[in-house]
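Student: Dropping in target-v3.cif, with mmCIF, C-alpha atoms; chains and numbers go by the auth columns.
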data_model
#
loop_
_atom_site.group_PDB
_atom_site.id
_atom_site.type_symbol
_atom_site.label_atom_id
_atom_site.label_comp_id
_atom_site.label_asym_id
_atom_site.label_seq_id
_atom_site.Cartn_x
_atom_site.Cartn_y
_atom_site.Cartn_z
_atom_site.B_iso_or_equiv
_atom_site.auth_seq_id
_atom_site.auth_asym_id
ATOM 1 C CA MET A 1 16.616 -6.880 -30.135 0.00 22 A
ATOM 2 C CA LEU A 2 14.421 -5.457 -32.833 0.00 23 A
ATOM 3 C CA VAL A 3 12.471 -7.403 -35.429 0.00 24 A
ATOM 4 C CA LEU A 4 10.738 -5.624 -38.277 0.00 25 A
ATOM 5 C CA SER A 5 7.457 -6.871 -39.726 0.00 26 A
ATOM 6 C CA PRO A 6 7.391 -10.206 -37.877 0.00 27 A
ATOM 7 C CA THR A 7 4.627 -12.755 -37.823 0.00 28 A
ATOM 8 C CA VAL A 8 3.422 -13.050 -34.250 0.00 29 A
ATOM 9 C CA THR A 9 1.222 -15.510 -32.427 0.00 30 A
ATOM 10 C CA PHE A 10 0.289 -15.464 -28.758 0.00 31 A
ATOM 11 C CA GLY A 11 -1.374 -18.730 -27.817 0.00 32 A
ATOM 12 C CA ALA A 12 -4.382 -18.974 -30.152 0.00 33 A
ATOM 13 C CA PHE A 13 -4.186 -15.330 -31.188 0.00 34 A
ATOM 14 C CA THR A 14 -2.462 -14.252 -34.379 0.00 35 A
ATOM 15 C CA PHE A 15 -1.507 -10.625 -34.607 0.00 36 A
ATOM 16 C CA ALA A 16 -1.553 -9.275 -38.128 0.00 37 A
ATOM 17 C CA ASP A 17 0.219 -6.166 -39.349 0.00 38 A
ATOM 18 C CA ILE A 18 2.825 -5.974 -36.625 0.00 39 A
ATOM 19 C CA ALA A 19 5.241 -3.243 -37.706 0.00 40 A
ATOM 20 C CA ASN A 20 7.970 -4.080 -35.227 0.00 41 A
ATOM 21 C CA ALA A 21 8.755 -6.110 -32.160 0.00 42 A
ATOM 22 C CA ALA A 22 11.270 -4.777 -29.667 0.00 43 A
ATOM 23 C CA ILE A 23 12.746 -6.964 -26.946 0.00 44 A
ATOM 24 C CA SER A 24 14.214 -4.942 -24.104 0.00 45 A
ATOM 25 C CA ARG A 25 16.207 -5.942 -21.066 0.00 46 A
ATOM 26 C CA THR A 26 15.672 -3.500 -18.266 0.00 47 A
ATOM 27 C CA PRO A 27 17.123 -3.783 -14.759 0.00 48 A
ATOM 28 C CA SER A 28 14.761 -4.304 -11.851 0.00 49 A
ATOM 29 C CA ARG A 29 17.629 -4.097 -9.393 0.00 50 A
ATOM 30 C CA THR A 30 21.277 -3.230 -9.813 0.00 51 A
ATOM 31 C CA VAL A 31 24.142 -3.719 -7.405 0.00 52 A
ATOM 32 C CA THR A 32 26.967 -1.228 -7.242 0.00 53 A
ATOM 33 C CA GLU A 33 29.517 -1.335 -4.459 0.00 54 A
ATOM 34 C CA PHE A 34 32.193 1.105 -3.433 0.00 55 A
ATOM 35 C CA GLY A 35 35.252 0.279 -1.398 0.00 56 A
ATOM 36 C CA ASP A 36 37.565 2.139 0.926 0.00 57 A
ATOM 37 C CA LEU A 37 40.202 2.646 -1.759 0.00 58 A
ATOM 38 C CA GLY A 38 38.660 5.514 -3.690 0.00 59 A
ATOM 39 C CA PRO A 39 35.588 7.120 -5.246 0.00 60 A
ATOM 40 C CA HIS A 40 34.879 4.698 -8.064 0.00 61 A
ATOM 41 C CA VAL A 41 32.495 1.765 -8.275 0.00 62 A
ATOM 42 C CA ALA A 42 34.426 -1.377 -7.377 0.00 63 A
ATOM 43 C CA PHE A 43 31.749 -3.930 -8.235 0.00 64 A
ATOM 44 C CA ALA A 44 28.623 -3.850 -10.384 0.00 65 A
ATOM 45 C CA ASP A 45 26.144 -6.479 -11.413 0.00 66 A
ATOM 46 C CA VAL A 46 22.498 -6.717 -12.382 0.00 67 A
ATOM 47 C CA PRO A 47 21.014 -9.557 -10.342 0.00 68 A
ATOM 48 C CA GLU A 48 17.438 -8.859 -11.444 0.00 69 A
ATOM 49 C CA TYR A 49 16.186 -7.665 -14.811 0.00 70 A
ATOM 50 C CA GLN A 50 13.078 -7.946 -16.906 0.00 71 A
ATOM 51 C CA THR A 51 12.883 -9.116 -20.476 0.00 72 A
ATOM 52 C CA THR A 52 10.000 -7.251 -22.035 0.00 73 A
ATOM 53 C CA LEU A 53 8.524 -7.327 -25.507 0.00 74 A
ATOM 54 C CA ARG A 54 6.657 -4.493 -27.200 0.00 75 A
ATOM 55 C CA LEU A 55 4.613 -5.161 -30.323 0.00 76 A
ATOM 56 C CA VAL A 56 3.560 -2.167 -32.351 0.00 77 A
ATOM 57 C CA GLY A 57 1.218 -2.537 -35.285 0.00 78 A
ATOM 58 C CA ARG A 58 -1.333 -0.736 -37.350 0.00 79 A
ATOM 59 C CA VAL A 59 -5.017 -1.592 -36.925 0.00 80 A
ATOM 60 C CA HIS A 60 -7.079 -1.401 -40.087 0.00 81 A
ATOM 61 C CA LYS A 61 -10.465 -2.622 -38.857 0.00 82 A
ATOM 62 C CA ASP A 62 -12.483 -3.243 -35.719 0.00 83 A
ATOM 63 C CA ASP A 63 -10.338 -4.837 -33.047 0.00 84 A
ATOM 64 C CA LEU A 64 -12.667 -6.636 -30.663 0.00 85 A
ATOM 65 C CA ALA A 65 -10.981 -9.956 -29.850 0.00 86 A
ATOM 66 C CA VAL A 66 -7.758 -8.940 -28.166 0.00 87 A
ATOM 67 C CA PRO A 67 -6.085 -10.722 -25.250 0.00 88 A
ATOM 68 C CA THR A 68 -6.430 -9.015 -21.885 0.00 89 A
ATOM 69 C CA PRO A 69 -3.687 -8.090 -19.416 0.00 90 A
ATOM 70 C CA GLY A 70 -2.619 -10.992 -17.252 0.00 91 A
ATOM 71 C CA GLN A 71 -3.117 -13.610 -19.948 0.00 92 A
ATOM 72 C CA GLN A 72 -0.145 -15.908 -20.330 0.00 93 A
ATOM 73 C CA ALA A 73 0.769 -18.052 -23.325 0.00 94 A
ATOM 74 C CA THR A 74 3.622 -18.971 -25.602 0.00 95 A
ATOM 75 C CA LEU A 75 4.494 -16.056 -27.841 0.00 96 A
ATOM 76 C CA LYS A 76 6.110 -16.921 -31.157 0.00 97 A
ATOM 77 C CA LEU A 77 7.696 -14.327 -33.333 0.00 98 A
ATOM 78 C CA VAL A 78 8.958 -15.259 -36.805 0.00 99 A
ATOM 79 C CA THR A 79 11.171 -12.910 -38.746 0.00 100 A
ATOM 80 C CA SER A 80 9.919 -11.782 -42.118 0.00 101 A
ATOM 81 C CA ALA A 81 11.197 -13.297 -45.325 0.00 102 A
ATOM 82 C CA GLU A 82 14.114 -11.488 -46.885 0.00 103 A
ATOM 83 C CA GLY A 83 15.838 -11.479 -50.257 0.00 104 A
ATOM 84 C CA SER A 84 18.470 -14.064 -49.325 0.00 105 A
ATOM 85 C CA ASP A 85 18.183 -17.830 -48.967 0.00 106 A
ATOM 86 C CA ARG A 86 18.924 -17.688 -45.250 0.00 107 A
ATOM 87 C CA PRO A 87 16.302 -19.479 -43.170 0.00 108 A
ATOM 88 C CA ARG A 88 13.861 -17.431 -41.157 0.00 109 A
ATOM 89 C CA LYS A 89 14.244 -17.333 -37.418 0.00 110 A
ATOM 90 C CA GLN A 90 11.734 -17.832 -34.662 0.00 111 A
ATOM 91 C CA LEU A 91 11.913 -16.335 -31.225 0.00 112 A
ATOM 92 C CA SER A 92 9.607 -17.870 -28.657 0.00 113 A
ATOM 93 C CA ALA A 93 8.966 -17.392 -24.966 0.00 114 A
ATOM 94 C CA THR A 94 6.259 -17.774 -22.388 0.00 115 A
ATOM 95 C CA CYS A 95 4.893 -14.277 -21.969 0.00 116 A
ATOM 96 C CA THR A 96 2.354 -12.495 -19.820 0.00 117 A
ATOM 97 C CA LEU A 97 0.482 -9.626 -21.413 0.00 118 A
ATOM 98 C CA LEU A 98 0.860 -6.427 -19.408 0.00 119 A
ATOM 99 C CA SER A 99 -1.045 -3.849 -21.419 0.00 120 A
ATOM 100 C CA VAL A 100 -2.918 -3.111 -24.635 0.00 121 A
ATOM 101 C CA ARG A 101 -3.032 0.479 -25.820 0.00 122 A
ATOM 102 C CA TYR A 102 -4.353 2.273 -28.897 0.00 123 A
ATOM 103 C CA ASP A 103 -2.958 5.482 -30.302 0.00 124 A
ATOM 104 C CA LEU A 104 -5.307 7.293 -32.626 0.00 125 A
ATOM 105 C CA SER A 105 -4.127 10.129 -34.814 0.00 126 A
ATOM 106 C CA GLU A 106 -5.208 11.721 -38.043 0.00 127 A
ATOM 107 C CA HIS A 107 -1.831 11.166 -39.679 0.00 128 A
ATOM 108 C CA LYS A 108 -0.916 7.692 -38.470 0.00 129 A
ATOM 109 C CA GLY A 109 -4.377 6.175 -38.217 0.00 130 A
ATOM 110 C CA CYS A 110 -4.716 3.674 -35.395 0.00 131 A
ATOM 111 C CA MET A 111 -1.630 2.075 -33.851 0.00 132 A
ATOM 112 C CA ARG A 112 -1.897 -0.711 -31.287 0.00 133 A
ATOM 113 C CA THR A 113 0.836 -1.352 -28.729 0.00 134 A
ATOM 114 C CA LEU A 114 1.011 -4.543 -26.705 0.00 135 A
ATOM 115 C CA ASP A 115 3.500 -4.905 -23.859 0.00 136 A
ATOM 116 C CA PHE A 116 4.548 -8.313 -22.546 0.00 137 A
ATOM 117 C CA VAL A 117 6.941 -9.568 -19.934 0.00 138 A
ATOM 118 C CA ALA A 118 8.741 -12.816 -20.723 0.00 139 A
ATOM 119 C CA ILE A 119 9.101 -15.381 -17.961 0.00 140 A
ATOM 120 C CA SER A 120 11.254 -18.441 -17.357 0.00 141 A
ATOM 121 C CA ASP A 121 12.351 -20.625 -14.463 0.00 142 A
ATOM 122 C CA GLY A 122 14.426 -17.666 -13.321 0.00 143 A
ATOM 123 C CA GLN A 123 17.723 -19.003 -14.579 0.00 144 A
ATOM 124 C CA ALA A 124 17.328 -19.560 -18.308 0.00 145 A
ATOM 125 C CA ASP A 125 16.829 -16.767 -20.820 0.00 146 A
ATOM 126 C CA PRO A 126 13.089 -16.656 -21.488 0.00 147 A
ATOM 127 C CA PHE A 127 13.549 -16.360 -25.264 0.00 148 A
ATOM 128 C CA THR A 128 14.768 -19.216 -27.403 0.00 149 A
ATOM 129 C CA LEU A 129 15.961 -18.656 -30.938 0.00 150 A
ATOM 130 C CA THR A 130 15.478 -21.322 -33.600 0.00 151 A
ATOM 131 C CA GLU A 131 15.628 -21.500 -37.372 0.00 152 A
ATOM 132 C CA VAL A 132 12.401 -22.350 -39.143 0.00 153 A
ATOM 133 C CA MET B 1 47.238 -3.712 1.429 0.00 5 B
ATOM 134 C CA PRO B 2 44.397 -6.179 2.057 0.00 6 B
ATOM 135 C CA SER B 3 42.412 -6.052 5.251 0.00 7 B
ATOM 136 C CA SER B 4 42.804 -8.890 7.720 0.00 8 B
ATOM 137 C CA PHE B 5 41.672 -10.323 11.044 0.00 9 B
ATOM 138 C CA LYS B 6 44.135 -12.626 12.808 0.00 10 B
ATOM 139 C CA SER B 7 46.155 -12.454 9.566 0.00 11 B
ATOM 140 C CA LEU B 8 43.196 -13.912 7.634 0.00 12 B
ATOM 141 C CA ASN B 9 41.933 -12.079 4.566 0.00 13 B
ATOM 142 C CA LEU B 10 38.258 -12.715 5.277 0.00 14 B
ATOM 143 C CA PHE B 11 36.698 -9.938 3.235 0.00 15 B
ATOM 144 C CA GLY B 12 39.045 -9.588 0.273 0.00 16 B
ATOM 145 C CA SER B 13 36.770 -11.241 -2.289 0.00 17 B
ATOM 146 C CA GLY B 14 34.869 -7.990 -2.794 0.00 18 B
ATOM 147 C CA PRO B 15 34.861 -4.311 -1.952 0.00 19 B
ATOM 148 C CA HIS B 16 34.387 -3.494 1.713 0.00 20 B
ATOM 149 C CA ARG B 17 34.480 -0.497 3.975 0.00 21 B
ATOM 150 C CA PHE B 18 35.477 0.143 7.558 0.00 22 B
ATOM 151 C CA SER B 19 33.687 2.443 9.975 0.00 23 B
ATOM 152 C CA LEU B 20 33.747 3.024 13.706 0.00 24 B
ATOM 153 C CA GLY B 21 30.783 2.830 16.041 0.00 25 B
ATOM 154 C CA LYS B 22 29.861 5.264 18.743 0.00 26 B
ATOM 155 C CA SER B 23 32.576 6.262 21.192 0.00 27 B
ATOM 156 C CA GLY B 24 32.528 8.160 24.480 0.00 28 B
ATOM 157 C CA GLN B 25 30.810 7.776 27.820 0.00 29 B
ATOM 158 C CA LEU B 26 27.969 5.423 28.562 0.00 30 B
ATOM 159 C CA LEU B 27 25.391 7.472 30.486 0.00 31 B
ATOM 160 C CA VAL B 28 22.663 5.676 32.382 0.00 32 B
ATOM 161 C CA PRO B 29 19.644 7.637 33.693 0.00 33 B
ATOM 162 C CA ASP B 30 19.581 7.772 37.510 0.00 34 B
ATOM 163 C CA LEU B 31 15.971 6.635 37.396 0.00 35 B
ATOM 164 C CA VAL B 32 17.125 3.288 35.986 0.00 36 B
ATOM 165 C CA LEU B 33 19.783 2.983 38.687 0.00 37 B
ATOM 166 C CA GLY B 34 17.199 3.335 41.430 0.00 38 B
ATOM 167 C CA GLY B 35 17.551 7.046 41.973 0.00 39 B
ATOM 168 C CA SER B 36 15.164 9.853 41.245 0.00 40 B
ATOM 169 C CA GLY B 37 15.189 13.005 39.175 0.00 41 B
ATOM 170 C CA SER B 38 16.369 13.600 35.638 0.00 42 B
ATOM 171 C CA GLY B 39 20.116 13.177 36.035 0.00 43 B
ATOM 172 C CA SER B 40 22.340 10.406 34.743 0.00 44 B
ATOM 173 C CA THR B 41 25.553 8.777 35.867 0.00 45 B
ATOM 174 C CA PRO B 42 28.558 8.060 33.625 0.00 46 B
ATOM 175 C CA GLN B 43 29.479 4.366 33.577 0.00 47 B
ATOM 176 C CA GLY B 44 32.764 4.629 31.722 0.00 48 B
ATOM 177 C CA LEU B 45 33.864 4.555 28.114 0.00 49 B
ATOM 178 C CA ILE B 46 31.820 2.636 25.583 0.00 50 B
ATOM 179 C CA GLU B 47 33.570 -0.333 23.996 0.00 51 B
ATOM 180 C CA LEU B 48 34.635 0.565 20.486 0.00 52 B
ATOM 181 C CA ASP B 49 32.958 -1.212 17.582 0.00 53 B
ATOM 182 C CA VAL B 50 34.726 -1.563 14.247 0.00 54 B
ATOM 183 C CA ILE B 51 32.152 -2.261 11.560 0.00 55 B
ATOM 184 C CA VAL B 52 32.970 -3.801 8.208 0.00 56 B
ATOM 185 C CA THR B 53 30.355 -3.625 5.451 0.00 57 B
ATOM 186 C CA GLY B 54 30.825 -5.007 1.973 0.00 58 B
ATOM 187 C CA ARG B 55 30.053 -7.787 -0.436 0.00 59 B
ATOM 188 C CA LEU B 56 31.407 -11.310 -0.683 0.00 60 B
ATOM 189 C CA ILE B 57 31.846 -12.276 -4.337 0.00 61 B
ATOM 190 C CA ALA B 58 32.451 -15.680 -5.899 0.00 62 B
ATOM 191 C CA ALA B 59 32.073 -17.382 -9.244 0.00 63 B
ATOM 192 C CA THR B 60 30.000 -20.293 -7.929 0.00 64 B
ATOM 193 C CA GLU B 61 27.599 -21.088 -5.097 0.00 65 B
ATOM 194 C CA ALA B 62 30.142 -23.475 -3.586 0.00 66 B
ATOM 195 C CA ALA B 63 32.895 -20.884 -3.689 0.00 67 B
ATOM 196 C CA LEU B 64 30.647 -18.368 -1.960 0.00 68 B
ATOM 197 C CA TRP B 65 29.935 -20.888 0.802 0.00 69 B
ATOM 198 C CA VAL B 66 33.680 -21.382 1.253 0.00 70 B
ATOM 199 C CA LEU B 67 34.011 -17.648 1.886 0.00 71 B
ATOM 200 C CA ARG B 68 31.029 -17.618 4.233 0.00 72 B
ATOM 201 C CA ASP B 69 32.266 -20.650 6.154 0.00 73 B
ATOM 202 C CA ALA B 70 35.734 -19.137 6.575 0.00 74 B
ATOM 203 C CA ILE B 71 34.125 -16.118 8.227 0.00 75 B
ATOM 204 C CA GLY B 72 31.819 -18.279 10.331 0.00 76 B
ATOM 205 C CA ALA B 73 34.814 -20.223 11.633 0.00 77 B
ATOM 206 C CA GLN B 74 36.083 -17.035 13.283 0.00 78 B
ATOM 207 C CA LEU B 75 32.855 -16.527 15.243 0.00 79 B
ATOM 208 C CA THR B 76 33.897 -18.567 18.259 0.00 80 B
ATOM 209 C CA ASP B 77 32.676 -19.301 21.755 0.00 81 B
ATOM 210 C CA PRO B 78 34.455 -18.286 23.875 0.00 82 B
ATOM 211 C CA LEU B 79 35.454 -15.168 21.980 0.00 83 B
ATOM 212 C CA GLN B 80 38.984 -14.961 20.702 0.00 84 B
ATOM 213 C CA VAL B 81 40.858 -11.744 20.257 0.00 85 B
ATOM 214 C CA GLY B 82 43.005 -10.802 17.302 0.00 86 B
ATOM 215 C CA LYS B 83 44.423 -7.909 15.405 0.00 87 B
ATOM 216 C CA LEU B 84 42.243 -6.251 12.779 0.00 88 B
ATOM 217 C CA PHE B 85 43.759 -4.317 9.858 0.00 89 B
ATOM 218 C CA ASP B 86 41.820 -2.070 7.512 0.00 90 B
ATOM 219 C CA LEU B 87 42.730 -1.450 3.866 0.00 91 B
ATOM 220 C CA HIS B 88 45.072 1.397 4.717 0.00 92 B
ATOM 221 C CA GLY B 89 47.189 -0.284 7.387 0.00 93 B
ATOM 222 C CA ARG B 90 45.299 1.084 10.394 0.00 94 B
ATOM 223 C CA SER B 91 45.039 -1.631 13.033 0.00 95 B
ATOM 224 C CA TRP B 92 43.075 -2.413 16.178 0.00 96 B
ATOM 225 C CA ALA B 93 44.677 -4.818 18.611 0.00 97 B
ATOM 226 C CA ASP B 94 42.775 -7.299 20.758 0.00 98 B
ATOM 227 C CA VAL B 95 39.413 -7.024 19.053 0.00 99 B
ATOM 228 C CA SER B 96 36.816 -9.772 19.054 0.00 100 B
ATOM 229 C CA PHE B 97 34.681 -10.792 16.091 0.00 101 B
ATOM 230 C CA ILE B 98 31.156 -10.377 17.484 0.00 102 B
ATOM 231 C CA THR B 99 28.628 -10.751 14.670 0.00 103 B
ATOM 232 C CA PHE B 100 28.365 -11.399 10.951 0.00 104 B
ATOM 233 C CA GLU B 101 25.072 -10.628 9.245 0.00 105 B
ATOM 234 C CA GLN B 102 23.930 -11.059 5.655 0.00 106 B
ATOM 235 C CA THR B 103 22.132 -7.800 4.930 0.00 107 B
ATOM 236 C CA GLY B 104 20.341 -8.708 1.719 0.00 108 B
ATOM 237 C CA PRO B 105 19.556 -11.583 -0.600 0.00 109 B
ATOM 238 C CA THR B 106 22.247 -13.517 -2.391 0.00 110 B
ATOM 239 C CA ASP B 107 22.509 -12.001 -5.861 0.00 111 B
ATOM 240 C CA ARG B 108 23.096 -14.184 -8.893 0.00 112 B
ATOM 241 C CA ASN B 109 23.984 -13.118 -12.397 0.00 113 B
ATOM 242 C CA ARG B 110 27.498 -12.683 -13.797 0.00 114 B
ATOM 243 C CA LEU B 111 28.829 -13.495 -10.332 0.00 115 B
ATOM 244 C CA ILE B 112 27.292 -14.688 -7.098 0.00 116 B
ATOM 245 C CA SER B 113 27.509 -12.237 -4.265 0.00 117 B
ATOM 246 C CA LEU B 114 25.995 -11.232 -0.959 0.00 118 B
ATOM 247 C CA PRO B 115 26.078 -8.057 1.111 0.00 119 B
ATOM 248 C CA TYR B 116 27.125 -8.259 4.750 0.00 120 B
ATOM 249 C CA ARG B 117 27.845 -6.378 7.954 0.00 121 B
ATOM 250 C CA ALA B 118 30.520 -7.648 10.344 0.00 122 B
ATOM 251 C CA VAL B 119 31.059 -6.177 13.792 0.00 123 B
ATOM 252 C CA PHE B 120 34.285 -6.346 15.793 0.00 124 B
ATOM 253 C CA ARG B 121 34.513 -5.020 19.362 0.00 125 B
ATOM 254 C CA THR B 122 37.297 -4.075 21.722 0.00 126 B
ATOM 255 C CA LEU B 123 35.963 -5.723 24.868 0.00 127 B
#
The structure in this file should be written as structure tokens.
Tutor:
Amino acid sequence: MLVLSPTVTFGAFTFADIANAAISRTPSRTVTEFGDLGPHVAFADVPEYQTTLRLVGRVHKDDLAVPTPGQQATLKLVTSAEGSDRPRKQLSATCTLLSVRYDLSEHKGCMRTLDFVAISDGQADPFTLTEV
Amino acid sequence: MPSSFKSLNLFGSGPHRFSLGKSGQLLVPDLVLGGSGSGSTPQGLIELDVIVTGRLIAATEAALWVLRDAIGAQLTDPLQVGKLFDLHGRSWADVSFITFEQTGPTDRNRLISLPYRAVFRTL
């Protein structure tokens, strides 16, 4: 999932100027089984995968109060307003911050990337989608 | 054709493979038998193991336990012998079901499944 220009909060923090938020589902472990009938995979499943969120945004001023890796809180992500009368949507999940990185370049200025992993009880999808 | 043991399709819920264990002479060092030196004495042919590895697959936890229990019911004391068929019609007569081992965690997503290793032996 990709959300452009969302409004994002992480616990008490509000992240301004987020350019995009990308939610990825990447396998931690896959299962593929072959049988005695031929060369092709006979069964495949993904019993373990991670739901991760990457926030990329431009930083325009000093950035001193940023959450640190390991912090966990409810992350709320609201889609930006659009030209239609459709309601905006909110994605929320309990997330743990994995990393904070800055990319400095003459052309782009300063870009900040925050990586999170979303957690749940193990069974339910960590992200819930609601209309706001 | 499906595989079977005593005409029971125990492993058909998921893909599985057949392989044979070591065959040939059992050699025991003479030192172990009370002798001396570096020689060894043949004790006869090793009993043949037929090994089945694969994955049991079910839609629910309960259905997976039904599969597991059906296999467990064939692990008897005293041992019973039966005929084992692989997926290509090759058969082994008078084999005993020796062990069944879950070789990894039960996996849960689209389906519920577990990997296993079953050993049959011609005693």
Student: Restricting the calculation to all atoms listed in the file, which member of B:Leu24, B:Ala66, B:Leu30, B:Leu71 is positioned closest to Trp96 in chain B?
Tutor: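 Of all the options, B:Leu24 lies closest to Trp96 in chain B.
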Student: In Å, rounded to a single decimal, give me how far CA of Pro119 in chain B is from CA of Phe64 in chain A.
Tutor: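 CA of Pro119 in chain B lies at a distance of 11.7 Å from CA of Phe64 in chain A.
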Student: Compile the contact shell of His20 in chain B as a list in words: residues with an atom at most 10 Å away, counting all atoms listed in the file, same-chain residues fewer than 3 positions apart removed.
Tutor: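 Close residues of His20 in chain B: Glu54, Phe55, Gly56, Asp57, Leu58 and Ala63 of chain A; Ser7, Phe15, Gly16, Ser17, Val56, Thr57, Gly58, Arg59, Leu60, Asp90, Leu91, Pro119, Tyr120 and Arg121 of chain B.
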Student: Need to verify the contact set: range 44-46 of chain A, 7 Å, all atoms listed in the file, exclusion of same-chain residues closer than 2 positions in sequence. Can you return it as a ChimeraX atom specification?
Tutor: /A:22-23,42,48,70-75
Student: Work out how far CA of Thr100 in chain A is from CA of Thr30 in chain A, in Å to one decimal.
Tutor: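 Distance reported for this atom pair: 12.1 Å.
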Student: Just so the selection is clear, what residues does the PyMOL selection byres ((chain A and resi 66) around 12) cover here, as number ranges by chain?
Tutor: A: 48-54, 62-65, 67-70; B: 59, 61, 111-118
Student: Could you give me, as number ranges by chain, the residues within 10 Å of Ile39 in chain A, counting only C-alpha atoms and dropping anything in the same chain fewer than 4 positions from it?
Tutor: A: 24-29, 76-80, 132-134
Student: Pull out range 25-46 of chain A, keep N, CA and C atoms, and write it as a CSV table (one decimal), in the first residue's frame.
Tutor:
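And here is the file that came out, result_20.csv:
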chain,number,residue,atom,x,y,z
A,25,LEU,N,0.1,8.9,-0.4
A,25,LEU,CA,0.9,10.1,-0.7
A,25,LEU,C,0.5,11.2,0.2
A,26,SER,N,1.4,11.9,0.7
A,26,SER,CA,1.2,13.1,1.5
A,26,SER,C,0.2,12.9,2.7
A,27,PRO,N,0.4,11.8,3.5
A,27,PRO,CA,-0.5,11.6,4.6
A,27,PRO,C,-0.1,12.5,5.8
A,28,THR,N,-1.1,12.6,6.7
A,28,THR,CA,-0.8,13.1,8.0
A,28,THR,C,-0.5,12.0,8.9
A,29,VAL,N,0.6,12.1,9.7
A,29,VAL,CA,1.1,10.9,10.4
A,29,VAL,C,1.3,11.3,11.9
A,30,THR,N,0.8,10.5,12.8
A,30,THR,CA,1.2,10.7,14.2
A,30,THR,C,1.7,9.3,14.7
A,31,PHE,N,2.6,9.4,15.6
A,31,PHE,CA,3.2,8.2,16.3
A,31,PHE,C,3.2,8.5,17.8
A,32,GLY,N,2.2,8.0,18.5
A,32,GLY,CA,2.1,8.4,19.9
A,32,GLY,C,1.9,9.9,20.0
A,33,ALA,N,2.7,10.5,20.7
A,33,ALA,CA,2.6,12.0,20.9
A,33,ALA,C,3.3,12.8,19.8
A,34,PHE,N,4.0,12.1,18.9
A,34,PHE,CA,4.8,12.8,17.9
A,34,PHE,C,3.9,13.0,16.7
A,35,THR,N,4.0,14.1,16.0
A,35,THR,CA,3.4,14.4,14.8
A,35,THR,C,4.4,14.7,13.7
A,36,PHE,N,4.4,13.9,12.7
A,36,PHE,CA,5.4,14.1,11.6
A,36,PHE,C,4.8,15.0,10.5
A,37,ALA,N,5.5,16.1,10.3
A,37,ALA,CA,5.0,17.0,9.3
A,37,ALA,C,5.8,16.7,8.0
A,38,ASP,N,5.2,17.1,6.9
A,38,ASP,CA,5.8,17.0,5.6
A,38,ASP,C,6.2,15.6,5.2
A,39,ILE,N,5.4,14.6,5.5
A,39,ILE,CA,5.6,13.3,5.0
A,39,ILE,C,5.2,13.2,3.5
A,40,ALA,N,6.2,12.9,2.7
A,40,ALA,CA,5.9,12.8,1.2
A,40,ALA,C,5.1,11.5,0.9
A,41,ASN,N,5.5,10.4,1.5
A,41,ASN,CA,4.8,9.2,1.2
A,41,ASN,C,5.0,8.2,2.3
A,42,ALA,N,4.0,7.3,2.4
A,42,ALA,CA,4.1,6.2,3.4
A,42,ALA,C,3.8,4.9,2.6
A,43,ALA,N,4.8,4.0,2.7
A,43,ALA,CA,4.7,2.7,2.0
A,43,ALA,C,4.6,1.6,3.0
A,44,ILE,N,3.5,0.8,2.9
A,44,ILE,CA,3.3,-0.4,3.7
A,44,ILE,C,3.7,-1.6,2.9
A,45,SER,N,4.7,-2.3,3.4
A,45,SER,CA,5.1,-3.5,2.7
A,45,SER,C,4.9,-4.8,3.5
A,46,ARG,N,4.7,-5.8,2.8
A,46,ARG,CA,4.5,-7.2,3.4
A,46,ARG,C,5.7,-8.0,2.9
